[in-house]
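Enquirer: Would you mind keeping the following structure in view while I ask a few things?
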Amino acid sequence: MPPTWKNVRADFPVLHQTVHGKPLVYLDNGATSQKPRSVIDALVRYYEGYNSNVHRGLHALSMRATDAYEGARTRVARFINAADPAEIIFTRGTTEGINVVARSLAATLKPGDVVLTTEIEHHSNLIPWQQAARASGATLKYVPVLGADAEGGLDLAALDELLTPAVKVFAFTHISNTLGTINPVAEFCRRARAVGAITVIDAAQSIGHAPFDVRALGADFVSFSGHKMCGPTGIGVLYGRRALLDKLAPDETGGGMVVSVTYEDARWKPAPERFEAGTPNIADAIALGAACDYLDSLGRDQIAAHDAALSRVAMEKLSTLPGIRLIGPRVGAERSGLVSFAFADVHAHDVVTFADEDGVALRGGHHCNQPLMRKLGLTSTTRASFYAYNTEQEIDILVASLRRTLKFFGAG
Amino acid sequence: MSADLSELYQQVILDHNKRPRNRGKLPTANRVAHGDNPTCGDQCSVYLRLVPDAANGSDRIAEISFDGSGCAISQASASLMTTQVKGKSGAEVDALYQQFHEIVTTGNAPEEISDLAAFAGVHAFPARIKCATLGWHAAIEALKGGPEVTTETHTD
């Protein structure tokens with residue numbers, strides 16, 4: 001392992017505190033990751049050193065800010081191996097990126113067209129397509145998930161049936177935020193290309209956790225958030241293949257995205273500016289670039305291996321708890337760095353409150369995945385999600401906390 | 001277990017969670033309202049049979065039941081609520097809810113309030129106040145004749 005891994009916990013100031021008198025065990029990385037010192041420093045450096053608006057000022061600070069902002073765009077392009085920094089559009093996050101694509105593509109859809117998505121999508125990759133289908137008259141279809149606990153992944157045989165030339169858009173998640181399932185996204189892109197469908201990937205859960213190469217995948221659009229990959233909140237990225245971006249109408253209009261304006265009309269700049277109306281989120285974009293540097297210093301392949309190892313241990317230990325129902329891939333099967341479970345007699349909300357008393361931060365609820373929960377006959381699950389700074393000892397603390405909770409409710 | 005946590009999960013609450021009172025659909029109901037807590041997915045439907053009370057010129061709750069799913073706090077609170085509001089008018093339920101609201105937000109329970117005081121511990125867990133009030137909101141909505149309520153539209 002590179003030397004940086006030895007000190008990974010030291011890089012994250014927030015980890016070094018107690019909660020309810022216990023050392024913080026932060027296992028809610030699926031919701032948001034913690035931030036390393038280098039990312040926090042990038043924000044402070046910008047605000048203290050060269051805070052200024054971009055692309056407009058002719059003065060020194062504005063030029064520095066523009067260089068740093070555009071430098072971040074280039075850095076993100078390198079992070080996902082985009083062909084051109086102009087394919088990187090800064091957004092507020094995954095949700096905004098998907099909404100921009102869905103609204104823009106809706107104008108190109110018509111009755112008879114199919115928008116295909118899957119049964120395991122986060123609401124943010126589901127509702128925008130419902131809206132796009134409604135607005136255009138297109139039909140929305142879902143690739144089903146297999147198994148009573150959704151352990152079987154998406155039904156690839158059904159995908160063959162569903163993926164016809166009528167499909168204009170195929171939108172899917174890379175990693176399920178609820179199940180931990182890792183979708184075969186390269187295969188999805190290949191199959192979609194064969195029928196001429198545009199692919200839209202929700203990479204929110206994967207981007208900071210595993211290598212991601214848009215050109216190797218052949219992806220058309222990819223949306224992700226900065227805050228789940230060690231970056232700040234309020235910044236995200238929409239990647240779009242250049243040829244497609246230049247065909248799309250802008251979603252928002254205003255300053256910074258026009259070549260010329262008259263009282264009657266306006267002409268758009270090319271991407272990325274045409275999709276970045278108004279003063280952008282300069283500071284957070286720059287800090288996102290620092291997050292890319294940080295993650296690459298650890299190595300994303302090593303982060304993926306670390307996450308998977310923690311998940312494997314967690315699944316094995318959790319499976320010994322009485323009355324537990326593990327959701328998603330079975331013990332020993334491939335899964336990302338998150339585990340999701342429900343108890344027969346103790347509700348997720350109570351589990352999370354008890355874990356919090358032990359310093360353990362978990363997520364309990366429907367994970368913005370209500371249709372999937374309904375399909376599984378659940379209203380909520382408890383989720384523990386891992387990152388580079390989590391340890392096996394923390395999983396032991398989690399499991400001990402869960403045992404105490406079960407005992408308290410007479411379920412252990 | 002911390003003092004706050006044992007205060008939150010009182011015996012009365014655990015008992016109502018394990019053995020909920022008046023649980024299930026009410027075949028004779030003439031009012032029903034559904035409550036949702038979108039944050040955690042808790043759900044609660046409250047069924048009422050209202051009968052006119054000639055003496056007061058208002059309706060009273062002759063029968064009440066609830067069903068749904070959720071955490072121990074939300075289920076126990078809905079269960080206990082059904083035992084407390086039966087026989088009461090809309091105005092009386094509103095007044096009782098005001099007292100309950102005071103208990104869960106401040107932790108202070110008036111002396112004459114008995115079982116509801118078990119929820120005083122909720123005040124130390126602000127994220128759980130909505131759990132405790134979900135059933136009450138559904139009941140009040142049913143009394144008003146409204147069909148659906150979400151805790152997101154309430155301040156607690």
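Ordered as shown in the structure tokens, chains take letters A, B, and onward, while each chain numbers its residues from 1 and ligands are numbered from 1 in the order shown.
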Taking 2 positions as the minimum chain separation for residues in the same chain, which residues sit within 9 Å of B:Ile140 when counting only C-alpha atoms? Answer as an NGL selection string.
Expert: :B and (33 or 90 or 93-94 or 97 or 135-138 or 142-146)
Enquirer: Could you please take those selected residues and save all heavy atoms as a compact mmCIF listing (two decimals), in the first residue's frame?
Expert:
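So part23.txt came out as:
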```
# COMPACT_ATOMS: atom_id res chain seq x y z
N ALA B 33 -57.95 8.87 7.98
CA ALA B 33 -56.89 9.75 7.45
C ALA B 33 -55.57 9.00 7.55
O ALA B 33 -55.37 8.15 8.43
CB ALA B 33 -56.83 11.06 8.21
N GLY B 90 -63.72 16.76 18.88
CA GLY B 90 -62.59 17.33 18.16
C GLY B 90 -61.86 18.38 18.98
O GLY B 90 -60.62 18.39 19.03
N VAL B 93 -59.83 16.72 21.69
CA VAL B 93 -58.62 16.07 21.14
C VAL B 93 -57.55 17.13 20.84
O VAL B 93 -56.37 16.94 21.15
CB VAL B 93 -58.96 15.25 19.87
CG1 VAL B 93 -57.67 14.74 19.21
CG2 VAL B 93 -59.87 14.07 20.22
N ASP B 94 -57.99 18.25 20.25
CA ASP B 94 -57.04 19.34 19.97
C ASP B 94 -56.34 19.80 21.25
O ASP B 94 -55.12 20.00 21.28
CB ASP B 94 -57.78 20.55 19.36
CG ASP B 94 -58.04 20.35 17.88
OD1 ASP B 94 -57.39 19.46 17.28
OD2 ASP B 94 -58.90 21.06 17.33
N TYR B 97 -53.91 17.23 22.42
CA TYR B 97 -52.72 17.22 21.56
C TYR B 97 -51.79 18.38 21.94
O TYR B 97 -50.56 18.20 21.93
CB TYR B 97 -53.09 17.31 20.07
CG TYR B 97 -51.84 17.45 19.22
CD1 TYR B 97 -50.92 16.40 19.12
CD2 TYR B 97 -51.54 18.65 18.58
CE1 TYR B 97 -49.75 16.53 18.40
CE2 TYR B 97 -50.36 18.79 17.85
CZ TYR B 97 -49.47 17.73 17.77
OH TYR B 97 -48.30 17.87 17.07
N GLY B 135 -49.23 9.78 14.62
CA GLY B 135 -50.58 9.25 14.84
C GLY B 135 -51.56 10.35 15.23
O GLY B 135 -52.73 10.34 14.81
N TRP B 136 -51.09 11.28 16.03
CA TRP B 136 -51.95 12.40 16.45
C TRP B 136 -52.36 13.25 15.25
O TRP B 136 -53.52 13.63 15.12
CB TRP B 136 -51.21 13.27 17.47
CG TRP B 136 -51.14 12.66 18.83
CD1 TRP B 136 -50.17 11.82 19.28
CD2 TRP B 136 -52.08 12.81 19.90
NE1 TRP B 136 -50.43 11.44 20.57
CE2 TRP B 136 -51.59 12.04 20.98
CE3 TRP B 136 -53.26 13.53 20.05
CZ2 TRP B 136 -52.27 11.97 22.20
CZ3 TRP B 136 -53.94 13.46 21.27
CH2 TRP B 136 -53.43 12.68 22.33
N HIS B 137 -51.40 13.55 14.38
CA HIS B 137 -51.72 14.35 13.20
C HIS B 137 -52.77 13.64 12.34
O HIS B 137 -53.70 14.27 11.83
CB HIS B 137 -50.47 14.61 12.36
CG HIS B 137 -49.54 15.62 12.97
ND1 HIS B 137 -49.98 16.85 13.39
CD2 HIS B 137 -48.21 15.58 13.21
CE1 HIS B 137 -48.95 17.52 13.89
NE2 HIS B 137 -47.86 16.77 13.79
N ALA B 138 -52.61 12.32 12.20
CA ALA B 138 -53.57 11.56 11.39
C ALA B 138 -54.95 11.61 12.03
O ALA B 138 -55.97 11.78 11.35
CB ALA B 138 -53.10 10.12 11.21
N ALA B 142 -58.30 13.21 10.49
CA ALA B 142 -59.52 12.41 10.31
C ALA B 142 -60.71 13.13 10.93
O ALA B 142 -61.81 13.15 10.37
CB ALA B 142 -59.34 11.03 10.95
N LEU B 143 -60.50 13.75 12.08
CA LEU B 143 -61.58 14.51 12.73
C LEU B 143 -62.05 15.66 11.85
O LEU B 143 -63.22 15.99 11.78
CB LEU B 143 -61.09 15.06 14.08
CG LEU B 143 -61.13 14.09 15.25
CD1 LEU B 143 -60.24 14.58 16.39
CD2 LEU B 143 -62.55 13.88 15.74
N LYS B 144 -61.07 16.27 11.16
CA LYS B 144 -61.40 17.41 10.30
C LYS B 144 -62.00 16.95 8.97
O LYS B 144 -62.50 17.77 8.21
CB LYS B 144 -60.12 18.22 10.00
CG LYS B 144 -59.71 19.13 11.14
CD LYS B 144 -58.72 20.17 10.67
CE LYS B 144 -57.31 19.66 10.79
NZ LYS B 144 -56.25 20.56 10.40
N GLY B 145 -61.83 15.65 8.68
CA GLY B 145 -62.36 15.13 7.43
C GLY B 145 -61.36 15.14 6.30
O GLY B 145 -61.69 14.91 5.15
N GLY B 146 -60.10 15.43 6.61
CA GLY B 146 -59.05 15.43 5.59
C GLY B 146 -58.55 14.02 5.34
O GLY B 146 -58.62 13.17 6.21
```
Enquirer: Quick one: which residues from chain A are at most 10 Å off chain B, using only C-alpha atoms, as a ChimeraX atom specification?
Expert: /A:20,345-351,353-354,357-358,363-368,370,373,378-381,404-405,408-410
Enquirer: Considering only helix (DSSP H, G or I) as DSSP defines it on the backbone, what residues of stretch 3-156 of chain B qualify? List them as a ChimeraX atom specification.
Expert: /B:3-8,11-18,72-85,90-106,115-124,126-144,151-153
Enquirer: Env of B:His16: 8 Å cut, atoms = only C-alpha atoms, seq-sep filter 5 positions within chain, self excluded. Answer as a ChimeraX atom specification.
Expert: /B:21,75-77,79-80
Enquirer: Can you pull out the residues contacting stretch 32-44 of chain A? Cut-off 8 Å, using only C-alpha atoms, and skip same-chain residues under 4 positions away; I want them as a VMD selection string.
Expert: chain A and resid 11 to 14 28 48 to 49 227 to 232 283 to 284 286 to 288 290 to 291 294 387
Enquirer: So the first atom is atom CA of A:Leu238 and the second is atom CA of A:Leu298; what is the distance between them in Å, to one decimal place?
Expert: 23.9 Å
